[in-house]
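Undergrad: Before anything else, here's the structure in question.
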There are 2 protein chains.
Amino acid sequence: MGDLNGKSLYEKHEGLLSDAIDALRKRDFYSPYPEHPKAYNQEDDAKGKEAFGRLLNLNFEGLNQEGDAWIGEEVSPYWQTGIGVQYPQTSVSTYIENSQKASEGWRNVSVETRAGILIESLERIQSRFFELAYATMHTTGQSFMMSFQASGPHANDRALEAIAMGVQELTRFPKEITFTKPLGKTNLIVQKTWKPIPKGIGLVIGCSTFPTWNTVPGMFANLVCGNTVIVKPHPKSILAIAIVIEEVRKVITENNLDSNSVQLAVDTVANPITKQLAEHSDIKLVDYTGGSAFGNYIEKLNKPTFVEKSGVNSVIIDSVSDMLHVAHNIAFSSSLYSGQMCTAPQNIFISSEVKTNEGILSFDKIAEHIASAVQGVIEHPKMGAGTLGCVQNDGILNRINTGGNFGGEIILDSVEVSNEVSENARTASPKIIKLKSSDLSSFNQECFGPIIFLIETKDTKESVKLASELASTKGAITCLAFSTDNDVQQLIEKEMNAVFTPVSFNFTGAAFVNQHAAFSDFHGTGGNPAGNASFVNPAFINERFVWVGNRKL
Amino acid sequence: MGDLNGKSLYEKHEGLLSDAIDALRKRDFYSPYPEHPKAYNQEDDAKGKEAFGRLLNLNFEGLNQEGDAWIGEEVSPYWQTGIGVQYPQTSVSTYIENSQKASEGWRNVSVETRAGILIESLERIQSRFFELAYATMHTTGQSFMMSFQASGPHANDRALEAIAMGVQELTRFPKEITFTKPLGKTNLIVQKTWKPIPKGIGLVIGCSTFPTWNTVPGMFANLVCGNTVIVKPHPKSILAIAIVIEEVRKVITENNLDSNSVQLAVDTVANPITKQLAEHSDIKLVDYTGGSAFGNYIEKLNKPTFVEKSGVNSVIIDSVSDMLHVAHNIAFSSSLYSGQMCTAPQNIFISSEVKTNEGILSFDKIAEHIASAVQGVIEHPKMGAGTLGCVQNDGILNRINTGGNFGGEIILDSVEVSNEVSENARTASPKIIKLKSSDLSSFNQECFGPIIFLIETKDTKESVKLASELASTKGAITCLAFSTDNDVQQLIEKEMNAVFTPVSFNFTGAAFVNQHAAFSDFHGTGGNPAGNASFVNPAFINERFVWVGNRKL
């Protein structure tokens with residue numbers, strides 16, 4: 001029976017789970033899924049590419065999920081043609097009914113059983129990392145390396161992190177005790193039990209750029225807590241999460257539980273179903289990654305929500321000990337995936353005079369350094385195309401092409417960068433625009449995509465003021481700061497932390513602000529308008545279930 | 001300096017804090033503040049009564065809080081005359097400014113310092129337990145014993161519980177580590193620090209019946225997390241929490257921090273300021289206890305809220321092994337403080353035939369037993385008046401007096417019960433009304449105060465169905481169930497737990513459903529319409545601050 005198989009899966013993965021729980025506390029590097037493709041078998045890449053090829057232009061049968069229709073409209077940013085994969089679709093009421101029915105089984109098995117099934121699923125997903133990489137490339141436009149890492153090992157890390165935090169929280173209190181209260185000469189003795197009761201059905205809404213990395217935390221957090229899940233991916237970025245869900249459904253079925261414990265619910269841009277799902281009274285939890293307008297709507301549903309929205313990430317340049325390395329670090333972080341990461345810097349605040357190893361440099365000189373470093377990255381034969389990847393959709397491209405509206409001085413224009421994967425690739429290098437601090441209306445919002453604003457400020461104090469005000473009013477997920485002065489570092493940390501923005505200081509070499517490592521770095525702070533959720537802090541789990549205590553004399 | 005004194009207070013109370021954190025995990029009986037008045041010095045009662053007397057008809061200067069006016073309109077339910085205490089009042093904007101200013105100090109001392117100061121405050125409050133008891137009696141109408149226990153030791157337990165959970169969560173992750181990520185032949189080494197950043201100013205809105213017990217969890221939870229607090233008590237029930245706040249402010253001042261870290265903000269029924277405070281953009285967290293209508297408004301503020309609203313608590317009688325004891329238990333729980341406890345049973349669902357130690361009894365026979373037990377409680381010379389206490393306000397009394405609207409058959413009418421404390425005491429014994437399960441419109445809402453509905457059902461299945469539907473739609477904090485059948489117990493537990501309602505089985509003797517012990521029983525489940533908060537589960541703390549991690553190369 002389900003519980004027995006589940007139990008044995010728990011035993012199989014107990015060591016990994018225990019390591020993961022330990023890692024949650026220590027917050028040092030921990031990643032059981034090797035991040036480099038070279039750590040896998042040599043033939044895996046070719047096999048994964050073939051497997052991806054076999055999925056194209058067909059119905060995606062692997063889900064084994066009933067539907068009334070087959071739909072799909074994903075377009076590869078590399079080919080700029082549809083990938084032709086169709087997914088089963090049914091009505092919102094059927095998704096909800098299926099989920100309610102599956103819940104009877106899923107919520108009633110032990111947390112250990114659920115954890116065993118979920119970790120086993122991650123192992124199965126690991127066997128498809130290369131296939132997932134190609135699926136991610138051809139829906140998001142990420143480079144092969146980023147697709148592999150973000151949708152494969154790093155997403156698995158984040159899923160495991162959610163499972164581990166879930167198990168830790170759900171086993172936090174004793175299952176039962178004999179409560180003994182002294183009453184003078186006698187005792188009051190009561191048998192007490194505690195149960196974590198899942199909230200109900202969770203809706204997890206994906207984004208177009210990171211279809212698994214941003215989806216699995218909420219999905220696995222819900223599942224480990226006993227909530228059933230409906231995943232509603234972005235209509236232009238389904239395939240990668242469909243593969244993930246396929247594997248989870250298979251392991252659930254093997255354990256004699258209802259595979260509808262997690263369902264994929266697809267829609268199209270023309271006929272979206274997200275609001276209908278989100279507003280349904282049986283949806284008790286909503287996870288969301290995407291733009292702020294829709295995110296604000298989600299947060300006002302008066303349900304527990306876990307939201308990552310837009311933000312405006314800043315770099316503050318006060319003083320640097322190695323200008324070339326700093327310029328390269330900023331150039332790489334801003335160019336990576338054409339600025340389409342939620343952690344990518346956008347606004348680079350530079351004092352009019354910056355102390356460097358090359359002497360005091362003016363704003364213009366620093367700007368030149370950065371522009372030249374960006375040019376270096378994009379023109380680098382081994383780096384350029386692979387760093388940039390593709391632009392996910394035409395909307396982003398159009399925004400950059402009408403960048404003249406931002407005012408200021410364009411010191412590096414956006415150009416196409418030929419990509420060896422396909423000659424049709426939709427590419428765009430970062431446009432770099434110089435602005436004054438008074439040009440607030442140009443830089444006070446998120447301009448998603450390959451665009452960098454270099455903003456001249458009077459001094460670092462003004463830089464910090466602008467960066468912290470933007471974080472407070474528009475949200476921010478990261479802040480990258482360069483200063484050789486301890487007092488200035490403290491000022492930046494104090495002011496940015498006060499608006500719930502983490503700061504990375506003096507990153508060069510292999511350290512990039514974009515990287516948020518599972519088990520160590522929280523992702524999204526939950527404190528400013530960039531979102532109310534954080535992968536994976538205790539609150540990310542505790543809102544998904546309720547402690548109920550029963551007492552018996 | 002503040003931090004030094006605070007540090008020594010932390011050392012002074014470190015053992016207690018460590019015991020409390022341990023108790024949070026074990027969930028067995030733990031209460032460092034003895035609950036019985038006899039555990040204190042013999043003369044304390046008289047001294048406390050005198051101290052209370054000295055507060056009457058004067059400005060409450062102890063707060064040492066600035067104000068533009070002195071206001072107060074509390075009325076003793078025992079005397080039915082005003083107690084004449086006036087409290088300082090200022091504008092909403094001044095409260096907010098004061099709180100922002102105090103925040104600079106309060107948020108920046110260590111959690112250990114804050115915990116030391118707060119536990120020291122509890123010790124000072126303990127020295128005023130008797131004074132607090134009289135203040136509570138003459139604002140809420142509770143009996144002396146309940147006033148002493150609820151506002152004294154039990155409130156201190158709940159406050160300590162919030163502090164302990166706070167310290168546990170705020171010290172959950174390392175303050176700093178050296179992160180080492182292997183990169184083939186080299187390592188990426190990053191210095192990382194984590195800080196819990198408080199959300200901002202917390203508003204804590206009190207209720208008229210439990211002015212300290214329901215207020216201190218949110219207040220101390222906010223304070224330990226580094227949030228400053230504005231407490232807005234019910235205008236008819238201020239004095240007890242004013243005493244608590246006085247002591248906390250004194251200890252904060254002694255430690256060279258700004259006493260406005262916690263402020264008392266008073267208003268009147270005619271000129272309420274609660275909405276103005278709650279809607280202020282600088283109020284980042286809201287705790288609330290009270291009626292559902294206002295609670296629903298609070299929950300829609302789109303801020304983190306911790307809400308305890310109305311609910312309809314049920315008793316299910318399936319089968320009993322000792323009818324007299326069961327009837328007495330129900331009678332006591334329903335009569336205690338005239339049914340004005342949020343945990344008091346209201347709807348007693350009784351199968352038409354109940355297996356008892358007296359044989360199969362009909363609904364009518366069970367009803368007789370309960371009515372007779374209630375009469376026994378209220379007429380008992382040592383129990384009656386002290387169990388009932390007074391009715392807090394005329395509104396509650398009027399609702400009971402127009403009880404004829406409920407339909408059904410009144411089998412015991414509400415009567416005045418003379419109280420030795422004062423001949424003017426506003427008293428009312430429970431009215432008991434027999435209803436059919438089809439009289440849903442009579443019992444499907446909270447009727448706060450001394451009223452008990454005995455509802456005849458076809459069988460226990462129908463009882464469970466009604467009780468769980470009511471919990472799901474109207475909310476419930478408790479369920480008391482009597483069954484000698486293991487399968488029936490399991491059914492009740494499953495169905496009531498599914499709507500996030502804890503069940504107490506077969507309580508007799510010294511076990512009462514009303515009692516929720518700190519460190520063991522959660523209070524409020526956060527899962528049904530009775531509220532979204534639970535004293536004190538991890539979520540009660542984790543929403544009050546944000547983890548921010550900084551990184552340095």
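So you can find residues: chains in the structure tokens are A, B, ... in the order shown, residues in each start at 1, and ligands are numbered from 1 in order.
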Out of segment 299-520 of chain B, which residues get alpha helix (DSSP H) from DSSP, as a tab-separated table (two decimals) with C-alpha atoms, in the first residue's frame?

TA:
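Now in out11.tsv:
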```tsv
chain	number	residue	atom	x	y	z
B	299	GLU	CA	-7.88	41.20	7.86
B	323	MET	CA	-23.88	11.54	33.15
B	324	LEU	CA	-23.78	13.64	36.31
B	325	HIS	CA	-20.12	14.51	35.90
B	326	VAL	CA	-20.60	15.30	32.23
B	327	ALA	CA	-23.56	17.56	32.95
B	328	HIS	CA	-21.58	19.34	35.64
B	329	ASN	CA	-18.59	19.83	33.35
B	330	ILE	CA	-20.74	21.36	30.62
B	331	ALA	CA	-22.61	23.50	33.14
B	332	PHE	CA	-19.41	24.88	34.61
B	333	SER	CA	-17.75	25.56	31.25
B	334	SER	CA	-20.86	27.31	29.95
B	335	SER	CA	-21.44	29.34	33.12
B	363	PHE	CA	-32.57	14.27	24.45
B	364	ASP	CA	-35.09	15.71	26.92
B	365	LYS	CA	-33.60	13.75	29.78
B	366	ILE	CA	-30.06	14.91	28.93
B	367	ALA	CA	-31.37	18.47	28.69
B	368	GLU	CA	-32.85	18.12	32.17
B	369	HIS	CA	-29.53	16.88	33.48
B	370	ILE	CA	-27.69	19.88	32.04
B	371	ALA	CA	-30.28	22.40	33.22
B	372	SER	CA	-30.17	20.91	36.67
B	373	ALA	CA	-26.38	20.99	36.69
B	374	VAL	CA	-26.38	24.67	35.64
B	375	GLN	CA	-28.88	25.42	38.38
B	376	GLY	CA	-26.62	23.54	40.77
B	377	VAL	CA	-23.64	25.67	39.77
B	378	ILE	CA	-25.40	29.02	40.02
B	379	GLU	CA	-27.15	28.20	43.29
B	384	GLY	CA	-22.39	30.41	41.82
B	385	ALA	CA	-21.55	34.12	41.91
B	386	GLY	CA	-17.82	33.46	41.66
B	387	THR	CA	-18.27	31.27	38.60
B	388	LEU	CA	-20.54	33.68	36.77
B	394	ASP	CA	-25.58	46.15	28.96
B	395	GLY	CA	-25.48	45.16	25.30
B	396	ILE	CA	-24.79	41.56	26.22
B	397	LEU	CA	-27.53	41.64	28.84
B	398	ASN	CA	-30.05	43.04	26.38
B	399	ARG	CA	-29.25	40.31	23.87
B	400	ILE	CA	-29.96	37.63	26.42
B	401	ASN	CA	-33.14	39.32	27.63
B	440	LEU	CA	-30.32	26.44	12.26
B	441	SER	CA	-31.02	30.16	12.00
B	442	SER	CA	-31.23	30.36	15.80
B	443	PHE	CA	-27.90	28.75	16.59
B	460	THR	CA	-24.04	11.87	16.35
B	461	LYS	CA	-23.34	11.95	12.64
B	462	GLU	CA	-25.76	14.85	12.31
B	463	SER	CA	-24.24	16.51	15.38
B	464	VAL	CA	-20.77	16.31	13.86
B	465	LYS	CA	-22.03	17.56	10.52
B	466	LEU	CA	-23.64	20.63	12.09
B	467	ALA	CA	-20.70	21.36	14.39
B	468	SER	CA	-18.14	21.07	11.62
B	469	GLU	CA	-20.17	23.13	9.14
B	470	LEU	CA	-20.55	25.87	11.72
B	471	ALA	CA	-16.83	25.78	12.51
B	472	SER	CA	-16.07	25.98	8.82
B	473	THR	CA	-18.43	28.85	8.04
B	474	LYS	CA	-18.64	30.79	11.32
B	486	ASN	CA	-13.44	4.85	19.89
B	487	ASP	CA	-14.71	4.92	16.30
B	488	VAL	CA	-17.01	7.83	17.04
B	489	GLN	CA	-14.15	9.69	18.72
B	490	GLN	CA	-12.08	9.19	15.60
B	491	LEU	CA	-14.90	10.44	13.38
B	492	ILE	CA	-15.35	13.57	15.51
B	493	GLU	CA	-11.62	14.24	15.60
B	494	LYS	CA	-11.26	13.80	11.86
B	495	GLU	CA	-14.19	16.02	10.92
B	496	MET	CA	-13.52	18.79	13.44
B	497	ASN	CA	-9.76	18.81	12.83
B	498	ALA	CA	-10.45	19.11	9.09
```

Undergrad: What's the 10 Å shell around Gln89 of chain A, counting only C-alpha atoms, without same-chain residues fewer than 5 positions away, as a count of residues only?

TA: 14

Undergrad: Near chain B, meaning an atom within 8 Å, which residues of chain A appear when counting only C-alpha atoms? Write them as number ranges by chain.

TA: A: 25-29, 172-174, 177-181, 188, 197, 199, 299-300, 302, 493, 497-498, 500-508, 510-511, 521-522, 525-527, 537-539, 542-543, 546-553

Undergrad: Write out as a list in words the residues lying within 6 Å of segment 337-342 of chain A, counting only C-alpha atoms and excluding same-chain residues fewer than 5 positions away.

TA: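 In the requested format, the answer is Gln142, Leu388, Gly389, Gly449 and Pro450 of chain A.
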
Undergrad: How would the residues just picked look written out with N, CA and C atoms as a PDB file, in the first residue's frame?

TA:
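For reference, selection14.pdb as written:
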```pdb
ATOM      1  N   GLN A 142      17.147  31.060 -21.996  1.00  0.00           N
ATOM      2  CA  GLN A 142      18.397  30.980 -21.228  1.00  0.00           C
ATOM      3  C   GLN A 142      19.451  30.216 -22.032  1.00  0.00           C
ATOM      4  N   LEU A 388      24.634  35.934 -22.485  1.00  0.00           N
ATOM      5  CA  LEU A 388      23.395  36.651 -22.780  1.00  0.00           C
ATOM      6  C   LEU A 388      22.195  35.729 -22.927  1.00  0.00           C
ATOM      7  N   GLY A 389      22.406  34.576 -23.564  1.00  0.00           N
ATOM      8  CA  GLY A 389      21.255  33.764 -23.926  1.00  0.00           C
ATOM      9  C   GLY A 389      20.357  34.562 -24.860  1.00  0.00           C
ATOM     10  N   GLY A 449      14.914  43.339 -18.556  1.00  0.00           N
ATOM     11  CA  GLY A 449      15.640  43.031 -19.778  1.00  0.00           C
ATOM     12  C   GLY A 449      17.001  43.691 -19.826  1.00  0.00           C
ATOM     13  N   PRO A 450      17.627  43.661 -21.015  1.00  0.00           N
ATOM     14  CA  PRO A 450      19.022  44.108 -21.132  1.00  0.00           C
ATOM     15  C   PRO A 450      19.176  45.622 -21.187  1.00  0.00           C
TER      16      PRO A 450
END
```

Undergrad: Write out as a list in words the residues lying within 8 Å of segment 349-361 of chain B, counting only C-alpha atoms and excluding same-chain residues fewer than 3 positions away.

TA: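 Once the nearby chain positions are removed, what remains is Ser314, Val315, Ile316, Ile317, Asp318, Ser319, Val320, Ser321, Asp322, Met323, Lys365, Ile366, Leu454, Ile455, Glu456, Thr457, Lys458, Asp459, Thr460, Ser463 and Ala467 of chain B.
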
Undergrad: Need the shell around segment 11-21 of chain B: protein/DNA/RNA residues with any atom at most 8 Å away, counting only C-alpha atoms. Skip same-chain ones fewer than 6 positions apart. Format as a compact mmCIF listing (two decimals) with N, CA and C atoms, in the first residue's frame?

TA:
```
# COMPACT_ATOMS: atom_id res chain seq x y z
N TYR B 30 3.83 23.82 32.05
CA TYR B 30 4.92 24.71 32.44
C TYR B 30 4.32 26.07 32.75
N GLY B 116 15.79 40.11 27.89
CA GLY B 116 16.09 40.37 29.30
C GLY B 116 15.17 41.45 29.87
N ILE B 119 11.49 40.06 30.13
CA ILE B 119 11.25 39.10 31.22
C ILE B 119 11.33 39.81 32.57
N GLU B 120 12.24 40.78 32.69
CA GLU B 120 12.28 41.59 33.91
C GLU B 120 10.93 42.30 34.11
N LEU B 160 5.49 35.30 28.29
CA LEU B 160 6.79 34.61 28.32
C LEU B 160 6.90 33.64 27.14
N GLU B 161 5.78 32.99 26.86
CA GLU B 161 5.74 32.07 25.71
C GLU B 161 6.10 32.81 24.41
N ALA B 164 9.78 33.60 24.46
CA ALA B 164 10.59 32.39 24.24
C ALA B 164 10.55 31.96 22.77
N MET B 165 9.34 31.97 22.19
CA MET B 165 9.23 31.60 20.77
C MET B 165 9.99 32.62 19.93
N GLN B 168 13.70 31.95 20.22
CA GLN B 168 14.01 30.73 19.47
C GLN B 168 14.08 31.01 17.96
N PHE B 519 2.34 27.32 26.55
CA PHE B 519 3.43 26.35 26.37
C PHE B 519 2.93 24.95 26.02
```

Undergrad: Near Glu446 of chain A, counting only C-alpha atoms, which residues have an atom at most 10 Å away, once you skip same-chain residues fewer than 4 positions from it, shown as number ranges by chain?

TA: A: 291-292, 310-313, 342, 346-347, 442, 474-476

Undergrad: If you keep N, CA and C atoms, can you produce a file of those selected residues as a PDB file, in the first residue's frame?

TA:
```
ATOM      1  N   GLY A 291       5.074  39.750 -12.726  1.00  0.00           N
ATOM      2  CA  GLY A 291       5.017  41.205 -12.673  1.00  0.00           C
ATOM      3  C   GLY A 291       4.243  41.712 -11.464  1.00  0.00           C
ATOM      4  N   SER A 292       4.465  42.986 -11.135  1.00  0.00           N
ATOM      5  CA  SER A 292       3.877  43.562  -9.930  1.00  0.00           C
ATOM      6  C   SER A 292       2.375  43.778 -10.036  1.00  0.00           C
ATOM      7  N   SER A 310       8.084  42.338  -9.260  1.00  0.00           N
ATOM      8  CA  SER A 310       9.189  43.118  -9.813  1.00  0.00           C
ATOM      9  C   SER A 310       9.919  43.863  -8.713  1.00  0.00           C
ATOM     10  N   GLY A 311      11.125  44.243  -9.029  1.00  0.00           N
ATOM     11  CA  GLY A 311      11.901  45.073  -8.111  1.00  0.00           C
ATOM     12  C   GLY A 311      12.931  45.839  -8.911  1.00  0.00           C
ATOM     13  N   VAL A 312      13.543  46.802  -8.276  1.00  0.00           N
ATOM     14  CA  VAL A 312      14.589  47.581  -8.935  1.00  0.00           C
ATOM     15  C   VAL A 312      15.873  47.366  -8.137  1.00  0.00           C
ATOM     16  N   ASN A 313      16.782  46.593  -8.702  1.00  0.00           N
ATOM     17  CA  ASN A 313      18.006  46.272  -7.977  1.00  0.00           C
ATOM     18  C   ASN A 313      19.097  47.300  -8.270  1.00  0.00           C
ATOM     19  N   CYS A 342      15.653  38.087 -11.850  1.00  0.00           N
ATOM     20  CA  CYS A 342      15.058  38.968 -10.841  1.00  0.00           C
ATOM     21  C   CYS A 342      16.121  39.539  -9.926  1.00  0.00           C
ATOM     22  N   GLN A 346      20.088  46.787 -12.073  1.00  0.00           N
ATOM     23  CA  GLN A 346      19.594  47.691 -13.121  1.00  0.00           C
ATOM     24  C   GLN A 346      20.185  49.088 -12.962  1.00  0.00           C
ATOM     25  N   ASN A 347      20.090  49.619 -11.747  1.00  0.00           N
ATOM     26  CA  ASN A 347      20.546  50.986 -11.498  1.00  0.00           C
ATOM     27  C   ASN A 347      21.922  50.971 -10.844  1.00  0.00           C
ATOM     28  N   SER A 442      13.219  58.256 -15.003  1.00  0.00           N
ATOM     29  CA  SER A 442      13.733  57.279 -15.970  1.00  0.00           C
ATOM     30  C   SER A 442      14.116  55.958 -15.309  1.00  0.00           C
ATOM     31  N   LYS A 474       9.571  50.638  -4.585  1.00  0.00           N
ATOM     32  CA  LYS A 474       9.380  49.782  -5.756  1.00  0.00           C
ATOM     33  C   LYS A 474       9.839  48.349  -5.504  1.00  0.00           C
ATOM     34  N   GLY A 475      10.537  48.138  -4.419  1.00  0.00           N
ATOM     35  CA  GLY A 475      11.030  46.798  -4.101  1.00  0.00           C
ATOM     36  C   GLY A 475      12.408  46.535  -4.668  1.00  0.00           C
ATOM     37  N   ALA A 476      13.135  45.639  -4.004  1.00  0.00           N
ATOM     38  CA  ALA A 476      14.451  45.214  -4.481  1.00  0.00           C
ATOM     39  C   ALA A 476      14.736  43.849  -3.881  1.00  0.00           C
TER      40      ALA A 476
END
```

Undergrad: Do you have the atom CA of Ser76 of chain B-atom CA of Thr139 of chain B distance handy?

TA: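 Rounded to one decimal, the two atoms are 5.1 Å apart.
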
Undergrad: Can you tell me, as a VMD selection string, what residues are no more than 10 Å from Ile201 of chain B when counting only C-alpha atoms, ignoring any on the same chain fewer than 6 positions away?

TA: chain B and resid 96 99 to 100 103 222 to 223 226 to 230 261 to 262 281 to 286 544

Undergrad: Between atom CA of His154 of chain B and atom CA of Pro32 of chain B, what is the spacing in Å?

TA: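 Answer for the atom CA of Pro32 of chain B to atom CA of His154 of chain B separation: 9.7 Å.
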
Undergrad: Enumerate as a list in words all residues of segment 84-169 of chain B assigned to strand (DSSP E or B) by DSSP on the backbone, naming them with the chain letters and numbers the document uses.

TA: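 Taking segment 84-169 of chain B and keeping strand (DSSP E or B) gives Gln86, Tyr87, Pro88 and Gln89 of chain B.
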
Undergrad: Work out how far atom CA of Pro34 of chain A is from atom CA of Ser121 of chain A, in Å to one decimal.

TA: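 One can read the atom CA of Ser121 of chain A to atom CA of Pro34 of chain A distance as 16.5 Å.
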